[in-house]
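Below you'll find the structure, written out as structure tokens, and then a few comments.
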Amino acid sequence: MTLEDALVKSVDQAVKKLHTTRSAFARLALKDALRNLKTKQLEDQHRQGYQAHPATRAEVGVWEKEQAWGDE
């Protein structure tokens, strides 16, 4: 893996503050990146589903009476 010198320097500063190692820091960063990617994919899938099949007024209108908006 090739990394820019500035990035390595920033990582070294971070691991020193966190009292960890480059490897542990990289593992955590990669796991976080994969989790964020999965979340984005699921959000995109959800958005595409609603764009392809939007909720109708009949589907959501049933719950209007149940909503409480405070002092109205």
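The chains in the structure tokens are called A, B, ... from first to last as shown; in each chain the residues are counted from 1, and the ligands are counted from 1 in the order shown.
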Requested in this report: Go through chain A and collect every residue that DSSP, computed from the backbone, puts in helix (DSSP H, G or I); the answer should be as a PyMOL selection string.
Outcome: chain A and resi 5-18+22-52+57-61+64-66
Just the selected residues (C-alpha atoms), exported as a PDB file, in the first residue's frame, please.
```pdb
ATOM      1  CA  ASP A   5       4.201  11.207   3.299  1.00  0.00           C
ATOM      2  CA  ALA A   6       1.819  13.813   4.713  1.00  0.00           C
ATOM      3  CA  LEU A   7      -0.835  11.153   5.352  1.00  0.00           C
ATOM      4  CA  VAL A   8       1.654   8.864   7.098  1.00  0.00           C
ATOM      5  CA  LYS A   9       2.794  11.782   9.250  1.00  0.00           C
ATOM      6  CA  SER A  10      -0.822  12.581  10.214  1.00  0.00           C
ATOM      7  CA  VAL A  11      -1.499   8.923  11.029  1.00  0.00           C
ATOM      8  CA  ASP A  12       1.653   8.727  13.145  1.00  0.00           C
ATOM      9  CA  GLN A  13       0.544  11.802  15.088  1.00  0.00           C
ATOM     10  CA  ALA A  14      -2.921  10.298  15.606  1.00  0.00           C
ATOM     11  CA  VAL A  15      -1.677   6.901  16.772  1.00  0.00           C
ATOM     12  CA  LYS A  16       0.665   8.577  19.235  1.00  0.00           C
ATOM     13  CA  LYS A  17      -2.238  10.564  20.741  1.00  0.00           C
ATOM     14  CA  LEU A  18      -4.468   7.479  20.795  1.00  0.00           C
ATOM     15  CA  ARG A  22      -0.597   2.121  12.751  1.00  0.00           C
ATOM     16  CA  SER A  23      -2.024  -1.340  12.125  1.00  0.00           C
ATOM     17  CA  ALA A  24      -4.794  -0.973  14.719  1.00  0.00           C
ATOM     18  CA  PHE A  25      -5.586   2.523  13.451  1.00  0.00           C
ATOM     19  CA  ALA A  26      -5.719   1.291   9.842  1.00  0.00           C
ATOM     20  CA  ARG A  27      -7.937  -1.684  10.787  1.00  0.00           C
ATOM     21  CA  LEU A  28     -10.398   0.616  12.545  1.00  0.00           C
ATOM     22  CA  ALA A  29     -10.363   3.105   9.654  1.00  0.00           C
ATOM     23  CA  LEU A  30     -10.990   0.349   7.100  1.00  0.00           C
ATOM     24  CA  LYS A  31     -13.821  -1.154   9.162  1.00  0.00           C
ATOM     25  CA  ASP A  32     -15.405   2.299   9.526  1.00  0.00           C
ATOM     26  CA  ALA A  33     -15.052   2.946   5.789  1.00  0.00           C
ATOM     27  CA  LEU A  34     -16.695  -0.398   4.936  1.00  0.00           C
ATOM     28  CA  ARG A  35     -19.538   0.240   7.398  1.00  0.00           C
ATOM     29  CA  ASN A  36     -20.082   3.719   5.922  1.00  0.00           C
ATOM     30  CA  LEU A  37     -20.073   2.260   2.411  1.00  0.00           C
ATOM     31  CA  LYS A  38     -22.678  -0.349   3.392  1.00  0.00           C
ATOM     32  CA  THR A  39     -24.851   2.347   5.002  1.00  0.00           C
ATOM     33  CA  LYS A  40     -24.629   4.502   1.866  1.00  0.00           C
ATOM     34  CA  GLN A  41     -25.534   1.522  -0.327  1.00  0.00           C
ATOM     35  CA  LEU A  42     -28.571   0.721   1.818  1.00  0.00           C
ATOM     36  CA  GLU A  43     -29.668   4.377   1.818  1.00  0.00           C
ATOM     37  CA  ASP A  44     -29.312   4.511  -1.977  1.00  0.00           C
ATOM     38  CA  GLN A  45     -31.308   1.289  -2.325  1.00  0.00           C
ATOM     39  CA  HIS A  46     -34.012   2.675  -0.040  1.00  0.00           C
ATOM     40  CA  ARG A  47     -34.147   5.965  -1.965  1.00  0.00           C
ATOM     41  CA  GLN A  48     -34.338   4.147  -5.317  1.00  0.00           C
ATOM     42  CA  GLY A  49     -37.163   1.982  -3.999  1.00  0.00           C
ATOM     43  CA  TYR A  50     -39.211   5.004  -2.974  1.00  0.00           C
ATOM     44  CA  GLN A  51     -38.460   6.739  -6.281  1.00  0.00           C
ATOM     45  CA  ALA A  52     -39.619   3.670  -8.207  1.00  0.00           C
ATOM     46  CA  ARG A  57     -51.680   9.348  -0.072  1.00  0.00           C
ATOM     47  CA  ALA A  58     -53.868   6.359   0.790  1.00  0.00           C
ATOM     48  CA  GLU A  59     -50.916   4.550   2.351  1.00  0.00           C
ATOM     49  CA  VAL A  60     -49.815   7.403   4.579  1.00  0.00           C
ATOM     50  CA  GLY A  61     -53.119   9.213   5.018  1.00  0.00           C
ATOM     51  CA  GLU A  64     -52.914  11.477   9.875  1.00  0.00           C
ATOM     52  CA  LYS A  65     -55.466  11.236  12.703  1.00  0.00           C
ATOM     53  CA  GLU A  66     -52.864   9.560  14.920  1.00  0.00           C
TER      54      GLU A  66
END
```
